[in-house]
>>> print(open('coords-v9.txt').read())   # compact mmCIF, C-alpha atoms and all ligand atoms
# COMPACT_ATOMS: atom_id res chain seq x y z
CA MET G 237 -1.34 -22.90 3.57
CA ASN G 238 -2.02 -26.32 5.07
CA ILE G 239 -0.31 -28.29 7.79
CA PHE G 240 2.32 -29.70 5.45
CA ASP G 241 3.24 -26.27 4.07
CA PHE G 242 4.07 -25.21 7.62
CA PHE G 243 7.11 -27.42 7.49
CA ARG G 244 8.06 -26.67 3.92
CA ALA G 245 7.84 -22.89 4.19
CA ASN G 246 11.03 -20.83 3.95
CA LYS G 247 13.03 -23.75 2.67
CA LYS G 248 13.65 -22.13 -0.69
CA VAL G 249 14.15 -18.60 -1.96
CA SER G 250 10.74 -17.18 -2.74
CA THR G 251 9.77 -16.88 -6.39
CA ALA G 252 8.95 -13.22 -5.81
CA SER G 253 12.55 -12.46 -4.88
CA VAL G 254 13.76 -14.30 -7.97
CA ALA G 255 11.38 -12.14 -10.00
CA LYS G 256 12.67 -8.99 -8.36
CA GLU G 257 16.28 -9.83 -9.04
CA ARG G 258 15.63 -10.69 -12.68
CA LEU G 259 13.66 -7.48 -13.16
CA GLN G 260 16.35 -5.33 -11.60
CA ILE G 261 18.92 -6.73 -14.01
CA ILE G 262 16.84 -6.48 -17.18
CA VAL G 263 15.43 -3.06 -16.37
CA ALA G 264 18.89 -1.65 -15.66
CA HIS G 265 20.14 -3.12 -18.92
CA GLU G 266 17.25 -1.74 -20.96
CA ARG G 267 17.55 1.69 -19.38
CA GLY G 268 21.19 1.69 -20.40
CA GLN G 269 20.31 0.88 -23.98
CA ARG G 270 17.63 3.54 -24.05
CA SER G 271 20.14 6.20 -23.23
CA THR G 272 22.62 4.91 -25.80
CA PRO G 273 23.79 7.89 -27.81
CA ASP G 274 23.18 7.57 -31.56
CA TYR G 275 26.85 8.10 -32.42
CA LEU G 276 27.76 4.59 -31.22
CA PRO G 277 27.25 2.79 -34.57
CA ALA G 278 29.39 5.37 -36.40
CA LEU G 279 32.07 5.14 -33.71
CA GLN G 280 32.09 1.38 -34.06
CA LYS G 281 32.51 1.58 -37.84
CA GLU G 282 35.39 4.00 -37.64
CA LEU G 283 37.14 1.91 -35.01
CA VAL G 284 36.91 -1.10 -37.31
CA GLU G 285 38.52 0.91 -40.09
CA VAL G 286 41.37 2.11 -37.89
CA ILE G 287 42.13 -1.39 -36.64
CA ARG G 288 41.99 -2.78 -40.17
CA LYS G 289 44.98 -0.63 -41.03
CA TYR G 290 47.02 -2.98 -38.85
CA VAL G 291 45.06 -6.21 -38.43
CA ASN G 292 42.53 -7.79 -40.75
CA ILE G 293 39.30 -8.13 -38.75
CA GLU G 294 35.61 -8.62 -39.45
CA SER G 295 33.35 -5.75 -38.55
CA ASP G 296 31.58 -7.74 -35.83
CA GLN G 297 34.86 -8.26 -34.04
CA VAL G 298 34.64 -4.80 -32.55
CA GLN G 299 31.90 -4.37 -30.00
CA VAL G 300 31.05 -1.04 -28.45
CA ALA G 301 28.72 -0.59 -25.51
CA LEU G 302 27.95 2.18 -23.10
CA GLU G 303 27.21 1.18 -19.51
CA ASN G 304 25.65 3.62 -17.12
CA GLN G 305 26.92 3.34 -13.59
CA GLY G 306 25.46 5.88 -11.27
CA SER G 307 26.72 9.28 -12.21
CA CYS G 308 29.22 8.19 -14.87
CA SER G 309 29.16 6.09 -18.02
CA ILE G 310 31.70 3.52 -19.08
CA LEU G 311 32.46 3.02 -22.74
CA GLU G 312 33.21 -0.65 -23.14
CA LEU G 313 35.31 -1.73 -26.13
CA ASN G 314 35.63 -5.37 -26.98
CA ILE G 315 37.99 -6.21 -29.81
CA THR G 316 38.67 -9.82 -30.73
CA LEU G 317 41.68 -10.39 -32.92
CA PRO G 318 41.87 -13.33 -35.34
CA ASP G 319 43.85 -16.44 -34.34
CA ARG G 320 47.53 -16.11 -34.82
CA MET Y 43 -5.87 25.03 -15.75
CA ALA Y 44 -7.25 21.91 -17.45
CA LYS Y 45 -5.18 18.77 -17.14
CA ILE Y 46 -4.69 15.91 -19.55
CA LEU Y 47 -4.18 12.63 -17.75
CA VAL Y 48 -3.18 9.45 -19.57
CA VAL Y 49 -3.79 5.98 -18.15
CA THR Y 50 -1.21 3.75 -19.79
CA SER Y 51 0.81 0.57 -19.23
CA GLY Y 52 2.47 -0.97 -22.25
CA LYS Y 53 1.19 -4.43 -21.40
CA GLY Y 54 -2.42 -5.29 -22.19
CA GLY Y 55 -5.14 -6.35 -19.82
CA VAL Y 56 -3.61 -4.90 -16.67
CA GLY Y 57 -6.56 -2.65 -15.75
CA LYS Y 58 -6.22 0.59 -17.74
CA THR Y 59 -9.89 0.83 -18.71
CA THR Y 60 -11.05 -0.16 -15.22
CA THR Y 61 -8.75 2.55 -13.86
CA SER Y 62 -9.74 5.24 -16.37
CA ALA Y 63 -13.40 4.69 -15.53
CA ALA Y 64 -12.75 4.69 -11.78
CA ILE Y 65 -10.42 7.69 -11.67
CA GLY Y 66 -12.53 9.74 -14.09
CA THR Y 67 -15.66 9.02 -12.10
CA GLY Y 68 -13.85 9.78 -8.83
CA LEU Y 69 -12.72 13.17 -10.12
CA ALA Y 70 -16.29 14.00 -11.17
CA LEU Y 71 -17.59 12.81 -7.77
CA ARG Y 72 -15.29 15.33 -6.15
CA GLY Y 73 -16.75 18.13 -8.20
CA HIS Y 74 -14.36 18.32 -11.15
CA LYS Y 75 -15.81 18.47 -14.62
CA THR Y 76 -14.27 15.43 -16.30
CA VAL Y 77 -14.31 13.65 -19.64
CA ILE Y 78 -12.94 10.15 -20.18
CA VAL Y 79 -11.69 9.55 -23.72
CA ASP Y 80 -11.33 6.05 -25.15
CA PHE Y 81 -8.22 5.88 -27.38
CA ASP Y 82 -8.55 2.15 -28.06
CA VAL Y 83 -9.57 2.46 -31.72
CA GLY Y 84 -11.16 -0.77 -32.97
CA LEU Y 85 -11.54 -2.16 -29.45
CA ARG Y 86 -13.97 0.24 -27.81
CA ASN Y 87 -14.70 -0.92 -24.25
CA LEU Y 88 -14.79 2.10 -21.98
CA ASP Y 89 -18.47 2.59 -22.94
CA LEU Y 90 -19.31 -0.86 -21.52
CA ILE Y 91 -17.40 -0.30 -18.30
CA MET Y 92 -19.13 3.08 -17.90
CA GLY Y 93 -22.52 1.59 -18.80
CA CYS Y 94 -23.26 3.93 -21.71
CA GLU Y 95 -22.72 1.52 -24.62
CA ARG Y 96 -26.23 1.94 -25.98
CA ARG Y 97 -25.95 5.69 -26.15
CA VAL Y 98 -22.92 5.88 -28.45
CA VAL Y 99 -23.95 7.67 -31.62
CA TYR Y 100 -20.79 9.47 -32.68
CA ASP Y 101 -17.23 8.70 -31.64
CA PHE Y 102 -13.75 10.21 -31.39
CA VAL Y 103 -12.92 9.54 -35.06
CA ASN Y 104 -16.19 11.12 -36.22
CA VAL Y 105 -15.16 14.29 -34.40
CA VAL Y 106 -11.63 14.22 -35.82
CA ASN Y 107 -13.06 13.81 -39.33
CA GLY Y 108 -15.59 16.59 -38.85
CA GLU Y 109 -18.56 14.21 -39.24
CA ALA Y 110 -19.87 15.30 -35.85
CA ASN Y 111 -19.05 18.03 -33.39
CA LEU Y 112 -18.00 17.44 -29.80
CA GLN Y 113 -21.42 18.33 -28.38
CA GLN Y 114 -22.94 15.55 -30.47
CA ALA Y 115 -20.28 12.98 -29.59
CA LEU Y 116 -19.92 13.57 -25.84
CA ILE Y 117 -22.02 11.16 -23.81
CA LYS Y 118 -23.23 12.57 -20.52
CA ASP Y 119 -23.12 10.17 -17.59
CA LYS Y 120 -26.55 9.29 -16.19
CA ARG Y 121 -25.34 9.25 -12.59
CA LEU Y 122 -23.04 12.25 -12.29
CA GLU Y 123 -23.64 15.81 -13.40
CA ASN Y 124 -20.13 16.66 -14.53
CA LEU Y 125 -18.96 13.41 -16.11
CA TYR Y 126 -18.75 12.70 -19.84
CA VAL Y 127 -17.43 9.94 -22.09
CA LEU Y 128 -16.01 10.16 -25.60
CA ALA Y 129 -16.16 6.70 -27.17
CA ALA Y 130 -13.52 5.13 -29.39
CA SER Y 131 -14.32 4.32 -32.97
CA GLN Y 132 -14.88 0.71 -33.95
CA THR Y 133 -13.21 1.27 -37.30
CA ARG Y 134 -10.54 -1.17 -38.37
CA ASP Y 135 -8.51 1.64 -39.88
CA LYS Y 136 -5.57 1.89 -37.50
CA ASP Y 137 -4.59 5.30 -38.81
CA ALA Y 138 -7.99 6.86 -38.18
CA LEU Y 139 -6.45 9.07 -35.49
CA THR Y 140 -3.72 11.52 -36.40
CA LYS Y 141 -1.61 13.69 -34.14
CA GLU Y 142 -3.19 16.83 -35.56
CA GLY Y 143 -6.72 15.43 -35.17
CA VAL Y 144 -6.12 14.34 -31.59
CA GLU Y 145 -4.55 17.67 -30.71
CA LYS Y 146 -7.52 19.59 -32.08
CA VAL Y 147 -10.04 17.53 -30.07
CA LEU Y 148 -8.01 17.56 -26.85
CA MET Y 149 -7.49 21.32 -27.00
CA GLU Y 150 -11.22 21.82 -27.48
CA LEU Y 151 -11.96 19.51 -24.53
CA LYS Y 152 -9.54 21.47 -22.38
CA GLU Y 153 -11.68 24.55 -22.84
CA THR Y 154 -14.70 22.99 -21.08
CA PHE Y 155 -13.26 20.30 -18.83
CA GLU Y 156 -10.98 20.38 -15.81
CA TYR Y 157 -9.74 16.84 -16.41
CA VAL Y 158 -9.36 14.95 -19.65
CA VAL Y 159 -8.65 11.29 -18.82
CA CYS Y 160 -7.20 9.34 -21.76
CA ASP Y 161 -7.67 5.56 -21.69
CA SER Y 162 -4.70 4.25 -23.69
CA PRO Y 163 -4.71 1.09 -25.76
CA ALA Y 164 -2.10 -1.56 -24.94
CA GLY Y 165 1.29 -1.59 -26.62
CA ILE Y 166 3.75 1.14 -27.46
CA GLU Y 167 2.71 1.77 -31.06
CA THR Y 168 0.74 4.63 -32.64
CA GLY Y 169 -2.43 4.34 -30.52
CA ALA Y 170 -0.60 4.30 -27.20
CA HIS Y 171 1.73 7.04 -28.39
CA LEU Y 172 -1.17 9.31 -29.36
CA ALA Y 173 -2.88 8.71 -26.02
CA MET Y 174 0.17 9.84 -24.04
CA TYR Y 175 1.65 12.44 -26.38
CA PHE Y 176 -0.26 15.48 -25.10
CA ALA Y 177 -0.46 14.38 -21.44
CA ASP Y 178 0.40 16.53 -18.43
CA GLU Y 179 0.30 13.60 -16.03
CA ALA Y 180 0.47 9.84 -16.51
CA ILE Y 181 -0.90 7.00 -14.45
CA VAL Y 182 1.17 3.92 -15.23
CA VAL Y 183 -0.95 0.88 -14.41
CA THR Y 184 1.18 -2.08 -13.37
CA ASN Y 185 0.45 -5.60 -12.15
CA PRO Y 186 2.88 -7.21 -9.69
CA GLU Y 187 4.23 -9.52 -12.34
CA VAL Y 188 7.48 -9.53 -14.34
CA SER Y 189 6.26 -8.70 -17.84
CA SER Y 190 3.97 -5.93 -16.66
CA VAL Y 191 6.73 -4.27 -14.61
CA ARG Y 192 9.16 -4.44 -17.50
CA ASP Y 193 6.62 -2.94 -19.91
CA SER Y 194 5.84 -0.18 -17.43
CA ASP Y 195 9.51 0.71 -17.35
CA ARG Y 196 9.57 0.93 -21.14
CA MET Y 197 6.48 3.13 -21.04
CA LEU Y 198 8.14 5.39 -18.46
CA GLY Y 199 11.06 5.74 -20.86
CA LEU Y 200 8.70 6.77 -23.66
CA LEU Y 201 6.86 9.26 -21.44
CA ALA Y 202 10.17 10.87 -20.65
CA SER Y 203 11.42 11.05 -24.24
CA LYS Y 204 8.62 10.81 -26.80
CA SER Y 205 5.90 13.06 -25.40
CA ARG Y 206 5.13 16.59 -26.50
CA ARG Y 207 6.48 17.94 -23.24
CA ALA Y 208 9.75 16.07 -23.82
CA GLU Y 209 10.02 17.22 -27.42
CA LEU Y 210 9.39 20.85 -26.51
CA GLY Y 211 11.78 20.66 -23.57
CA GLU Y 212 8.99 21.54 -21.14
CA GLU Y 213 8.58 20.27 -17.62
CA PRO Y 214 8.30 16.46 -17.92
CA ILE Y 215 5.03 14.53 -17.61
CA LYS Y 216 4.27 13.88 -13.94
CA GLU Y 217 4.35 10.12 -13.48
CA HIS Y 218 2.27 8.08 -11.04
CA LEU Y 219 2.50 4.37 -10.38
CA LEU Y 220 -0.74 2.51 -9.81
CA LEU Y 221 -0.27 -1.09 -8.77
CA THR Y 222 -3.40 -3.10 -9.51
CA ARG Y 223 -4.63 -6.66 -9.03
CA TYR Y 224 -2.54 -6.82 -5.88
CA ASN Y 225 -2.89 -9.94 -3.78
CA PRO Y 226 -1.46 -9.36 -0.27
CA GLU Y 227 -1.84 -13.05 0.59
CA ARG Y 228 0.39 -14.14 -2.22
CA VAL Y 229 2.84 -11.34 -1.48
CA SER Y 230 3.15 -12.49 2.12
CA LYS Y 231 3.83 -16.03 0.90
CA GLY Y 232 6.58 -14.76 -1.36
CA GLU Y 233 4.68 -15.72 -4.49
CA MET Y 234 4.07 -12.22 -5.77
CA LEU Y 235 6.17 -9.06 -6.05
CA GLY Y 236 5.36 -6.70 -3.21
CA VAL Y 237 4.59 -3.01 -3.50
CA GLU Y 238 8.02 -2.06 -2.14
CA ASP Y 239 9.72 -4.28 -4.74
CA VAL Y 240 7.88 -2.66 -7.64
CA LYS Y 241 8.46 0.83 -6.25
CA GLU Y 242 12.16 0.12 -5.93
CA ILE Y 243 12.46 -1.20 -9.49
CA LEU Y 244 10.46 1.52 -11.21
CA ALA Y 245 11.35 4.43 -8.92
CA VAL Y 246 8.08 6.31 -9.46
CA THR Y 247 5.82 7.80 -6.80
CA LEU Y 248 3.05 5.47 -5.78
CA LEU Y 249 -0.47 6.73 -6.46
CA GLY Y 250 -2.14 3.67 -5.02
CA VAL Y 251 -2.47 -0.06 -4.71
CA ILE Y 252 -5.70 -1.63 -5.95
CA PRO Y 253 -6.28 -5.11 -4.57
CA GLU Y 254 -7.35 -8.02 -6.75
CA SER Y 255 -11.06 -7.86 -6.10
CA GLN Y 256 -14.28 -9.60 -7.02
CA ALA Y 257 -15.93 -6.19 -6.95
CA VAL Y 258 -14.25 -5.27 -10.26
CA LEU Y 259 -15.97 -8.00 -12.28
CA LYS Y 260 -19.23 -7.36 -10.49
CA ALA Y 261 -19.03 -3.68 -11.36
CA SER Y 262 -18.10 -4.28 -14.99
CA ASN Y 263 -20.97 -6.76 -15.36
CA GLN Y 264 -23.33 -3.94 -14.46
CA GLY Y 265 -21.61 -1.09 -16.26
CA VAL Y 266 -20.88 0.75 -13.03
CA PRO Y 267 -17.37 2.11 -12.42
CA VAL Y 268 -16.05 0.20 -9.40
CA ILE Y 269 -15.32 3.41 -7.49
CA LEU Y 270 -19.10 3.85 -7.09
CA ASP Y 271 -19.16 0.60 -5.08
CA ASP Y 272 -17.84 2.39 -2.04
CA GLN Y 273 -18.31 -0.63 0.19
CA SER Y 274 -15.76 -2.61 -1.81
CA ASP Y 275 -12.01 -2.75 -1.23
CA ALA Y 276 -11.20 -1.86 -4.84
CA GLY Y 277 -13.71 1.00 -4.82
CA GLN Y 278 -12.20 2.45 -1.66
CA ALA Y 279 -8.64 1.98 -2.93
CA TYR Y 280 -9.53 3.89 -6.11
CA GLY Y 281 -11.14 6.58 -3.99
CA ASP Y 282 -7.90 7.00 -2.04
CA ALA Y 283 -5.94 7.16 -5.29
CA VAL Y 284 -8.15 9.99 -6.58
CA ASP Y 285 -7.65 11.90 -3.33
CA ARG Y 286 -3.88 11.51 -3.69
CA LEU Y 287 -4.06 12.65 -7.31
CA LEU Y 288 -5.74 15.81 -6.01
CA GLY Y 289 -2.89 16.35 -3.59
CA LYS Y 290 -4.21 14.84 -0.38
CA THR Y 291 -2.05 12.66 1.81
CA VAL Y 292 -3.87 9.40 2.39
CA GLU Y 293 -2.38 6.34 3.98
CA HIS Y 294 -2.23 3.23 1.81
CA ARG Y 295 -4.72 0.50 2.66
CA PHE Y 296 -5.29 -3.10 1.64
CA LEU Y 297 -1.58 -3.90 1.63
CA ASP Y 298 -1.63 -6.63 4.23
CA ALA Y 299 -3.04 -10.12 4.10
CA GLN Y 300 -6.13 -10.69 6.21
CA LYS Y 301 -5.11 -12.51 9.33
CA LYS Y 302 -6.57 -15.96 9.19
CA GLY Y 303 -7.72 -17.99 12.13
CA PHE Y 304 -5.58 -20.85 13.38
CA PHE Y 305 -7.77 -23.57 11.91
CA GLU Y 306 -8.04 -21.82 8.58
CA ARG Y 307 -4.30 -21.69 8.37
CA LEU Y 308 -3.90 -25.25 9.46
CA PHE Y 309 -6.37 -26.72 7.02
CA GLY Y 310 -5.90 -24.32 4.12
CA GLY Y 311 -8.59 -21.70 3.87
CA ASN Y 312 -7.56 -20.70 0.37
N1 LIG W 1 -8.32 -4.95 -9.25
C1 LIG W 1 -8.83 -5.92 -10.04
N2 LIG W 1 -9.30 -7.07 -9.49
C2 LIG W 1 -9.80 -8.05 -10.27
N3 LIG W 1 -9.90 -7.98 -11.60
C3 LIG W 1 -9.46 -6.86 -12.21
C4 LIG W 1 -8.89 -5.78 -11.47
N4 LIG W 1 -8.54 -4.80 -12.35
C5 LIG W 1 -8.87 -5.26 -13.58
N5 LIG W 1 -9.43 -6.49 -13.52
C6 LIG W 1 -9.91 -7.30 -14.64
O1 LIG W 1 -8.87 -7.43 -15.58
C7 LIG W 1 -9.38 -7.44 -16.90
C8 LIG W 1 -8.70 -6.38 -17.73
O2 LIG W 1 -9.04 -5.11 -17.24
P1 LIG W 1 -9.10 -3.83 -18.18
O3 LIG W 1 -9.99 -4.06 -19.34
O4 LIG W 1 -9.37 -2.65 -17.32
O5 LIG W 1 -7.58 -3.81 -18.68
P2 LIG W 1 -6.93 -2.93 -19.84
O6 LIG W 1 -5.55 -2.63 -19.39
O7 LIG W 1 -7.80 -1.78 -20.18
O8 LIG W 1 -6.92 -3.95 -21.06
P3 LIG W 1 -6.54 -3.61 -22.59
O9 LIG W 1 -5.05 -3.54 -22.63
O10 LIG W 1 -7.09 -4.76 -23.36
O11 LIG W 1 -7.20 -2.30 -22.92
C9 LIG W 1 -10.88 -7.22 -16.78
O12 LIG W 1 -11.52 -8.47 -16.88
C10 LIG W 1 -11.05 -6.64 -15.40
O13 LIG W 1 -12.30 -6.98 -14.84
MG MG W 2 -8.57 -1.11 -22.09
>>> encode(input="coords-v9.txt", output="structure tokens", more="lines below")
Ligand SMILES: Nc1ncnc2c1ncn2[C@@H]1O[C@H](COP(=O)(O)OP(=O)(O)OP(=O)(O)O)[C@@H](O)[C@H]1O
Ligand SMILES: [Mg+2]
Amino acid sequence: MNIFDFFRANKKVSTASVAKERLQIIVAHERGQRSTPDYLPALQKELVEVIRKYVNIESDQVQVALENQGSCSILELNITLPDR
Amino acid sequence: MAKILVVTSGKGGVGKTTTSAAIGTGLALRGHKTVIVDFDVGLRNLDLIMGCERRVVYDFVNVVNGEANLQQALIKDKRLENLYVLAASQTRDKDALTKEGVEKVLMELKETFEYVVCDSPAGIETGAHLAMYFADEAIVVTNPEVSSVRDSDRMLGLLASKSRRAELGEEPIKEHLLLTRYNPERVSKGEMLGVEDVKEILAVTLLGVIPESQAVLKASNQGVPVILDDQSDAGQAYGDAVDRLLGKTVEHRFLDAQKKGFFERLFGGN
């Protein structure tokens, strides 16, 4: 640190805290994926078939994800319907 | 009861071999009969760090294939009575080690040694998997840097799900975090993740913090495990880590930046 850095210090968020924040997000996400039960793909397929009975959709229009939040998990369903 | 200890990381070049050599030597220094096994098939290096590269006649793969027995392949350390090295093979055949072969050798080593220290190759593929599969405890070597921390987290996930203990539903592998190449100066300037940050992200008990140190290169140049340089910061930090591994409570050192004089700070002593 030289005399000029004395005046510049603490002006910006440190790069280490940016790193920490990014890591916390990605690590939490990857831990969630790791614990993804293997029935999810089958569940997704069957949901597509059920919805197709009523609306014609592509198979990628149903997205299933499991989010872990503390002691419980949230099953997130995202279904996009075609334009009317 | 003999213990199998794996030194692993996911990411390459973070200090696994340096750590395996230091911890293995430290255990032997404290009176425990120890063997350090190089699992890095094709990239043998532990022999160089331990300074026994010219005495390798037979290696791990020779033993697995029955071309040599353990007595022939084990290299006795010249400095310490109860320290041995089993070198990795330089073969390019990636499948030279099998689960069955590794199990046979490790079980035989457990009969004579108190500690079997496994120096894992980088990555999460076959070699790294074999190195950790039979482990009782794992030292996860991490640098305070984003990709290393992320890879360590992946490795922790594998330790918890893909090891023998996990598959048999036994008590899980005991995990230790070893933060290496730590630079307190840069941490205090906010340029490097601090020990508390990494602990918080990975949520594993801290075995030790090894500072970034010139002593490491000096030691590897000479083929002397850095823990034997007991005047050096890194050597002392590894010594503390070995004591903690053996159950002692030792305060962490080398976590704070050296206080610089006023003029040094003013005119940039670094
Ligand atoms: N605390 C430290 N201070 C300074 N340099 C270090 C420190 N620890 C390790 N190094 C250096 O980092 C480099 C990599 O170390 P090492 O070979 O132990 O890593 P590794 O994890 O075994 O690598 P690989 O994944 O290739 O097997 C070496 O040049 C070593 O000297
Ligand atoms: Mg190595």
>>> residues_near_point(input="coords-v9.txt", point="(7.6, -17.9, -0.5)", cutoff="9 Å", atoms="all atoms listed in the file", output="MDAnalysis selection string")
(chainID G and resid 245:253) or (chainID Y and resid 228:234)
>>> residues_near_ligand(input="coords-v9.txt", ligand="ligand LIG 1 (chain W)", cutoff="8 Å", atoms="all atoms listed in the file", output="ChimeraX atom specification")
/Y:50-62,82,85,87,161-165,183,222-224,252-259,262,276
>>> closest_residue(input="coords-v9.txt", among="Y:Pro214, Y:Gly93, Y:Gly289, Y:Gly277", to="Y:Leu201", atoms="only C-alpha atoms")
Y:Pro214
>>> atom_distance(input="coords-v9.txt", atom1="atom CA of Y:Gln264", atom2="atom CA of Y:Leu122")
16.3 Å
>>> residues_around(input="coords-v9.txt", residues="G:Leu302", least_positions_apart="2", cutoff="6 Å", atoms="only C-alpha atoms", output="list of chain:residue names")
G:Ile310, G:Leu311, G:Glu312
>>> write_last_selection(input="coords-v9.txt", atoms="C-alpha atoms", output="compact mmCIF listing (two decimals), keeping the file's coordinate frame")
# COMPACT_ATOMS: atom_id res chain seq x y z
CA ILE G 310 31.70 3.52 -19.08
CA LEU G 311 32.46 3.02 -22.74
CA GLU G 312 33.21 -0.65 -23.14
>>> residues_around(input="coords-v9.txt", residues="stretch 295-301 of chain G", least_positions_apart="5", cutoff="8 Å", atoms="all atoms listed in the file", output="PyMOL selection string")
chain G and resi 276+280-281+283-284+311-317
>>> interface_residues(input="coords-v9.txt", of="chain G", to="chain Y", cutoff="8 Å", atoms="only C-alpha atoms", output="list in words")
Met237, Asn238, Ile239, Ser250, Thr251, Ala252, Ser253, Ala255, Lys256, Leu259, Gln260, Ile262, Val263, Arg267 and Arg270 of chain G
>>> closest_residue(input="coords-v9.txt", among="Y:His218, Y:His294, Y:Lys260, Y:Arg86", to="ligand MG 2 (chain W)", atoms="only C-alpha atoms and all ligand atoms")
Y:Arg86
>>> build_atoms(input="coords-v9.txt", residues="stretch 288-301 of chain G", atoms="N, CA, C and O atoms", output="PDB file, keeping the file's coordinate frame")
ATOM      1  N   ARG G 288      41.693  -2.060 -38.915  1.00  0.00           N
ATOM      2  CA  ARG G 288      41.990  -2.780 -40.170  1.00  0.00           C
ATOM      3  C   ARG G 288      43.271  -2.289 -40.842  1.00  0.00           C
ATOM      4  O   ARG G 288      43.836  -2.979 -41.681  1.00  0.00           O
ATOM      5  N   LYS G 289      43.715  -1.118 -40.485  1.00  0.00           N
ATOM      6  CA  LYS G 289      44.980  -0.630 -41.030  1.00  0.00           C
ATOM      7  C   LYS G 289      46.138  -1.524 -40.583  1.00  0.00           C
ATOM      8  O   LYS G 289      47.180  -1.585 -41.202  1.00  0.00           O
ATOM      9  N   TYR G 290      45.923  -2.189 -39.430  1.00  0.00           N
ATOM     10  CA  TYR G 290      47.020  -2.980 -38.850  1.00  0.00           C
ATOM     11  C   TYR G 290      46.711  -4.467 -38.842  1.00  0.00           C
ATOM     12  O   TYR G 290      47.574  -5.292 -39.065  1.00  0.00           O
ATOM     13  N   VAL G 291      45.462  -4.804 -38.532  1.00  0.00           N
ATOM     14  CA  VAL G 291      45.060  -6.210 -38.430  1.00  0.00           C
ATOM     15  C   VAL G 291      43.818  -6.403 -39.281  1.00  0.00           C
ATOM     16  O   VAL G 291      42.934  -5.542 -39.294  1.00  0.00           O
ATOM     17  N   ASN G 292      43.728  -7.542 -39.951  1.00  0.00           N
ATOM     18  CA  ASN G 292      42.530  -7.790 -40.750  1.00  0.00           C
ATOM     19  C   ASN G 292      41.435  -8.394 -39.866  1.00  0.00           C
ATOM     20  O   ASN G 292      41.544  -9.541 -39.433  1.00  0.00           O
ATOM     21  N   ILE G 293      40.389  -7.629 -39.604  1.00  0.00           N
ATOM     22  CA  ILE G 293      39.300  -8.130 -38.750  1.00  0.00           C
ATOM     23  C   ILE G 293      37.953  -7.979 -39.436  1.00  0.00           C
ATOM     24  O   ILE G 293      37.807  -7.179 -40.363  1.00  0.00           O
ATOM     25  N   GLU G 294      36.991  -8.772 -38.982  1.00  0.00           N
ATOM     26  CA  GLU G 294      35.610  -8.620 -39.450  1.00  0.00           C
ATOM     27  C   GLU G 294      34.962  -7.485 -38.659  1.00  0.00           C
ATOM     28  O   GLU G 294      35.395  -7.177 -37.549  1.00  0.00           O
ATOM     29  N   SER G 295      33.928  -6.916 -39.228  1.00  0.00           N
ATOM     30  CA  SER G 295      33.350  -5.750 -38.550  1.00  0.00           C
ATOM     31  C   SER G 295      32.671  -6.119 -37.223  1.00  0.00           C
ATOM     32  O   SER G 295      32.564  -5.308 -36.320  1.00  0.00           O
ATOM     33  N   ASP G 296      32.214  -7.374 -37.103  1.00  0.00           N
ATOM     34  CA  ASP G 296      31.580  -7.740 -35.830  1.00  0.00           C
ATOM     35  C   ASP G 296      32.586  -8.103 -34.744  1.00  0.00           C
ATOM     36  O   ASP G 296      32.215  -8.528 -33.660  1.00  0.00           O
ATOM     37  N   GLN G 297      33.857  -7.944 -35.061  1.00  0.00           N
ATOM     38  CA  GLN G 297      34.860  -8.260 -34.040  1.00  0.00           C
ATOM     39  C   GLN G 297      35.162  -7.062 -33.139  1.00  0.00           C
ATOM     40  O   GLN G 297      35.935  -7.173 -32.199  1.00  0.00           O
ATOM     41  N   VAL G 298      34.535  -5.957 -33.451  1.00  0.00           N
ATOM     42  CA  VAL G 298      34.640  -4.800 -32.550  1.00  0.00           C
ATOM     43  C   VAL G 298      33.259  -4.544 -31.957  1.00  0.00           C
ATOM     44  O   VAL G 298      32.298  -4.313 -32.687  1.00  0.00           O
ATOM     45  N   GLN G 299      33.173  -4.638 -30.655  1.00  0.00           N
ATOM     46  CA  GLN G 299      31.900  -4.370 -30.000  1.00  0.00           C
ATOM     47  C   GLN G 299      32.007  -3.162 -29.080  1.00  0.00           C
ATOM     48  O   GLN G 299      32.937  -3.072 -28.292  1.00  0.00           O
ATOM     49  N   VAL G 300      31.050  -2.278 -29.236  1.00  0.00           N
ATOM     50  CA  VAL G 300      31.050  -1.040 -28.450  1.00  0.00           C
ATOM     51  C   VAL G 300      29.782  -1.006 -27.619  1.00  0.00           C
ATOM     52  O   VAL G 300      28.701  -1.264 -28.124  1.00  0.00           O
ATOM     53  N   ALA G 301      29.915  -0.700 -26.347  1.00  0.00           N
ATOM     54  CA  ALA G 301      28.720  -0.590 -25.510  1.00  0.00           C
ATOM     55  C   ALA G 301      28.944   0.493 -24.470  1.00  0.00           C
ATOM     56  O   ALA G 301      30.065   0.723 -24.021  1.00  0.00           O
TER      57      ALA G 301
END
